[in-house]
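Engineer: Handing you a structure now.
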Amino acid sequence: MAILTVENLHKNYGPIQALKGVSFSVPKGSVFGILGPNGSGKTTLLGIVLNVLKASSGSFKLFDEEPSHVHRQQIGTLLETPNFYHYLNAVQNLTIAATIKQRGSADINRVLELVNLEQRKFSKFSTYSLGMKQRLAIASSLLGDPDVLIFDEPTNGLDPVGIAETRELIKKLHQAGKTIIMASHLLDEVEKVCTHVAILQKGTLLTHGHVDEILITDEIVETGAANLQQLQNILQQYPGAKRVYVNDQHVELTFAAGTASLEALNRYCFEHGITLHHLRLRKKSLETKFFELTQNTK
Ligand code: ATP
């Protein structure tokens with residue numbers, strides 16, 4: 001079953017095209033990252049799904065059905081840092097949130113335990129660290145135990161400890177069988193916590209799918225020898241290399257994932273009269289991949 005299916009969504013704000021025909025679907029049980037730089041349309045997309053904004057055209061389904069209030073009741077959301085009352089404690093704040101959402105008033109202790117705020121549940125909100133505030137916001141989204149969670153930039157503004165805590169929490173929720181849809185501009189975050197990713201740029205979906213497939217990364221082998229020019233000449237025709245180029249220090253060869261053999265390359269060079277003094281395998285990072293994807297569309 002698909003939790004969310006988006007079909008050819010367009011959204012214009014006057015002359016600004018925030019979404020230009022976006023289609024993808026979110027499998028049940030996934031941690032689905034919507035990845036894109038600022039202004040790529042992530043918040044707009046989530047706003048449409050949550051009925052805060054209206055699409056200019058296109059459609060979407062929730063739980064394989066026409067979206068309704070009943071479906072949205074099954075979704076917990078964290079859209080921006082919520083306005084908790086500073087002079088109230090966690091239990092009081094969540095009691096108010098549960099009343100507004102009309103769900104989860106019996107659930108407050110459970111969600112506070114889940115986000116590790118049990119010990120501080122009677123402390124005023126104003127005494128919380130940023131990470132604790134964010135965890136309380138996540139606790140609020142978990143009221144009523146929804147199967148689906150939508151988080152917009154869940155680690156925004158947090159320090160490294162807060163970021164790590166939030167990521168652990170997302171992993172825990174995934175292990176408990178929840179489907180999590182999260183917008184992020186952080187490649188590293190998506191790589192660490194998401195099972196699936198959709199990459200948005202300027203309202204256009206560049207690619208989407210399982211993280212392992214999208215991020216199948218090329219392998220780069222760095223080679224170095226006393227005479228780089230000579231090395232480049234003999235490697236130019238090296239079988240299996242997708243690209244051979246020289247920089248200040250090395251000749252670098254790019255191979256499809258899993259196809260680079262350092263031994264074979266070393267032997268080849270030796271047989272062609274060159275002794276390598278440097279030979280190193282490097283994976284192309286997601287960052288490079290993302291950079292390439294976004295550059296190609298300009
Ligand atoms: P960020 O991470 O910065 O929030 P985002 O990927 O969530 O970025 P959106 O906030 O969805 O992107 O914005 C997409 C585009 O639509 C941007 O060009 C933005 O300036 C524009 N936009 C968003 N909301 C409005 C609005 N209410 N009126 C006009 N333009 C808007």
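Residue numbering restarts at 1 for every chain of the structure tokens, chains are lettered A, B, ... in their displayed order, and ligands are numbered from 1 as they appear.
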Can you tell me which residues sit at most 9 Å away from ligand 1, counting only C-alpha atoms and all ligand atoms, written as an MDAnalysis selection string?

Structural biologist: chainID A and resid 11:19 34:47 152:153 183:185 200:203

Engineer: How about saving the chosen residues, C-alpha atoms kept, as a short mmCIF file (atom, residue, chain, number, x, y, z; two decimals), in the first residue's frame?

Structural biologist:
```cif
data_model
loop_
_atom_site.label_atom_id
_atom_site.label_comp_id
_atom_site.auth_asym_id
_atom_site.auth_seq_id
_atom_site.Cartn_x
_atom_site.Cartn_y
_atom_site.Cartn_z
CA LYS A 11 1.59 25.02 -7.38
CA ASN A 12 1.93 28.62 -8.48
CA TYR A 13 2.20 31.62 -6.19
CA GLY A 14 1.36 34.29 -8.74
CA PRO A 15 4.21 34.13 -11.25
CA ILE A 16 6.32 31.84 -9.04
CA GLN A 17 6.09 28.17 -9.95
CA ALA A 18 6.83 26.44 -6.64
CA LEU A 19 5.92 22.94 -7.92
CA ILE A 34 12.10 14.95 0.46
CA LEU A 35 15.49 16.45 -0.20
CA GLY A 36 16.15 19.82 -1.75
CA PRO A 37 17.81 23.16 -1.18
CA ASN A 38 15.93 26.13 0.29
CA GLY A 39 13.10 27.23 -1.94
CA SER A 40 12.85 23.93 -3.85
CA GLY A 41 9.19 23.45 -2.85
CA LYS A 42 9.38 21.00 0.05
CA THR A 43 7.20 22.97 2.46
CA THR A 44 4.74 23.76 -0.31
CA LEU A 45 4.43 20.06 -1.10
CA LEU A 46 3.83 19.11 2.52
CA GLY A 47 1.39 21.99 2.93
CA ASP A 152 9.38 19.40 8.02
CA GLU A 153 13.11 19.89 8.69
CA ALA A 183 11.60 17.30 4.32
CA SER A 184 15.27 18.11 4.64
CA HIS A 185 17.92 20.17 2.95
CA LEU A 200 13.48 18.34 -5.54
CA GLN A 201 15.03 21.35 -7.16
CA LYS A 202 13.16 24.54 -8.03
CA GLY A 203 9.86 22.69 -8.01
#
```

Engineer: Determine which residues of stretch 25-177 of chain A DSSP labels as strand (DSSP E) from the backbone of this structure, then write them out as a VMD selection string.

Structural biologist: chain A and resid 25 to 27 31 to 35 57 to 62 75 to 78 148 to 152

Engineer: Nearest to A:Lys121: which of A:Val148, A:Val91, A:Val221, A:Ile96 is it, counting only C-alpha atoms?

Structural biologist: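 Among A:Val148, A:Val91, A:Val221, A:Ile96, it is A:Val91 that comes nearest to A:Lys121.
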
Engineer: So how many Å separate atom CA of A:Thr195 and atom CA of A:Lys28, to one decimal?

Structural biologist: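 Atom CA of A:Lys28 lies at a distance of 11.2 Å from atom CA of A:Thr195.
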
Engineer: Considering only C-alpha atoms, return as a count of residues only whatever protein or nucleic-acid residues lie within 12 Å of stretch 240-251 of chain A, sequence-local ones (same chain, fewer than 2 positions apart) excluded.

Structural biologist: 37

Engineer: Tell me, as a ChimeraX atom specification, which residues lie within 8 Å of A:Ala139, counting only C-alpha atoms; anything in the same chain fewer than 5 positions away does not count.

Structural biologist: /A:111-112,114-115

Engineer: Please dump the current selection as a CSV table (one decimal), in the first residue's frame; keep N, CA and C atoms.

Structural biologist:
```
chain,number,residue,atom,x,y,z
A,111,VAL,N,4.1,9.1,25.2
A,111,VAL,CA,4.9,9.9,24.2
A,111,VAL,C,6.1,10.6,24.8
A,112,LEU,N,5.9,11.0,26.1
A,112,LEU,CA,7.0,11.7,26.8
A,112,LEU,C,8.2,10.7,27.0
A,114,LEU,N,8.7,8.0,25.1
A,114,LEU,CA,9.3,7.7,23.8
A,114,LEU,C,10.4,8.8,23.4
A,115,VAL,N,10.2,10.0,23.7
A,115,VAL,CA,11.1,11.0,23.3
A,115,VAL,C,12.1,11.4,24.5
```

Engineer: Given only C-alpha atoms as the basis, pick out the residue of A:Arg282, A:Lys61, A:Arg267, A:Arg167 nearest to A:Met182.

Structural biologist: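 Smallest distance to A:Met182 is found for A:Arg167.
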
Engineer: To one decimal place in Å, what is the distance between atom CA of A:His69 and atom CA of A:Val49?

Structural biologist: 11.5 Å

Engineer: Which residues are close to A:Ala55, i.e. within 7 Å by only C-alpha atoms, leaving aside same-chain residues fewer than 4 positions away? Reply as a list in words.

Structural biologist: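 My reading of the contact set: Leu9, His10, Lys11 and Ile48 of chain A.
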
Engineer: I need the residues from that last selection saved to file as a short mmCIF file (atom, residue, chain, number, x, y, z; two decimals), in the first residue's frame (with all heavy atoms), if you can.

Structural biologist:
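What ended up in out25.cif:
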```
data_model
loop_
_atom_site.label_atom_id
_atom_site.label_comp_id
_atom_site.auth_asym_id
_atom_site.auth_seq_id
_atom_site.Cartn_x
_atom_site.Cartn_y
_atom_site.Cartn_z
N LEU A 9 1.66 17.22 -9.43
CA LEU A 9 1.27 18.40 -8.64
C LEU A 9 1.95 19.68 -9.15
O LEU A 9 3.16 19.70 -9.37
CB LEU A 9 1.69 18.23 -7.18
CG LEU A 9 0.71 17.57 -6.20
CD1 LEU A 9 1.21 17.78 -4.78
CD2 LEU A 9 -0.71 18.07 -6.36
N HIS A 10 1.14 20.70 -9.32
CA HIS A 10 1.64 22.03 -9.67
C HIS A 10 1.16 23.00 -8.61
O HIS A 10 0.03 22.90 -8.14
CB HIS A 10 1.06 22.50 -11.02
CG HIS A 10 1.64 21.79 -12.19
ND1 HIS A 10 2.60 22.32 -13.01
CD2 HIS A 10 1.37 20.55 -12.69
CE1 HIS A 10 2.91 21.46 -13.97
NE2 HIS A 10 2.18 20.38 -13.80
N LYS A 11 2.02 23.95 -8.27
CA LYS A 11 1.59 25.02 -7.38
C LYS A 11 2.24 26.32 -7.83
O LYS A 11 3.47 26.42 -7.94
CB LYS A 11 2.00 24.72 -5.92
CG LYS A 11 1.70 25.84 -4.94
CD LYS A 11 0.22 26.05 -4.75
CE LYS A 11 -0.06 27.23 -3.83
NZ LYS A 11 -1.50 27.51 -3.71
N ILE A 48 0.39 21.14 0.89
CA ILE A 48 -0.72 20.65 0.05
C ILE A 48 -1.24 19.33 0.60
O ILE A 48 -2.45 19.14 0.77
CB ILE A 48 -0.26 20.51 -1.42
CG1 ILE A 48 0.00 21.90 -2.01
CG2 ILE A 48 -1.30 19.75 -2.25
CD1 ILE A 48 0.68 21.89 -3.37
#
```

Engineer: Which one of A:Gln74, A:Asn266, A:Asn156, A:Thr166 sits closest to A:Arg103 if you count only C-alpha atoms?

Structural biologist: A:Gln74
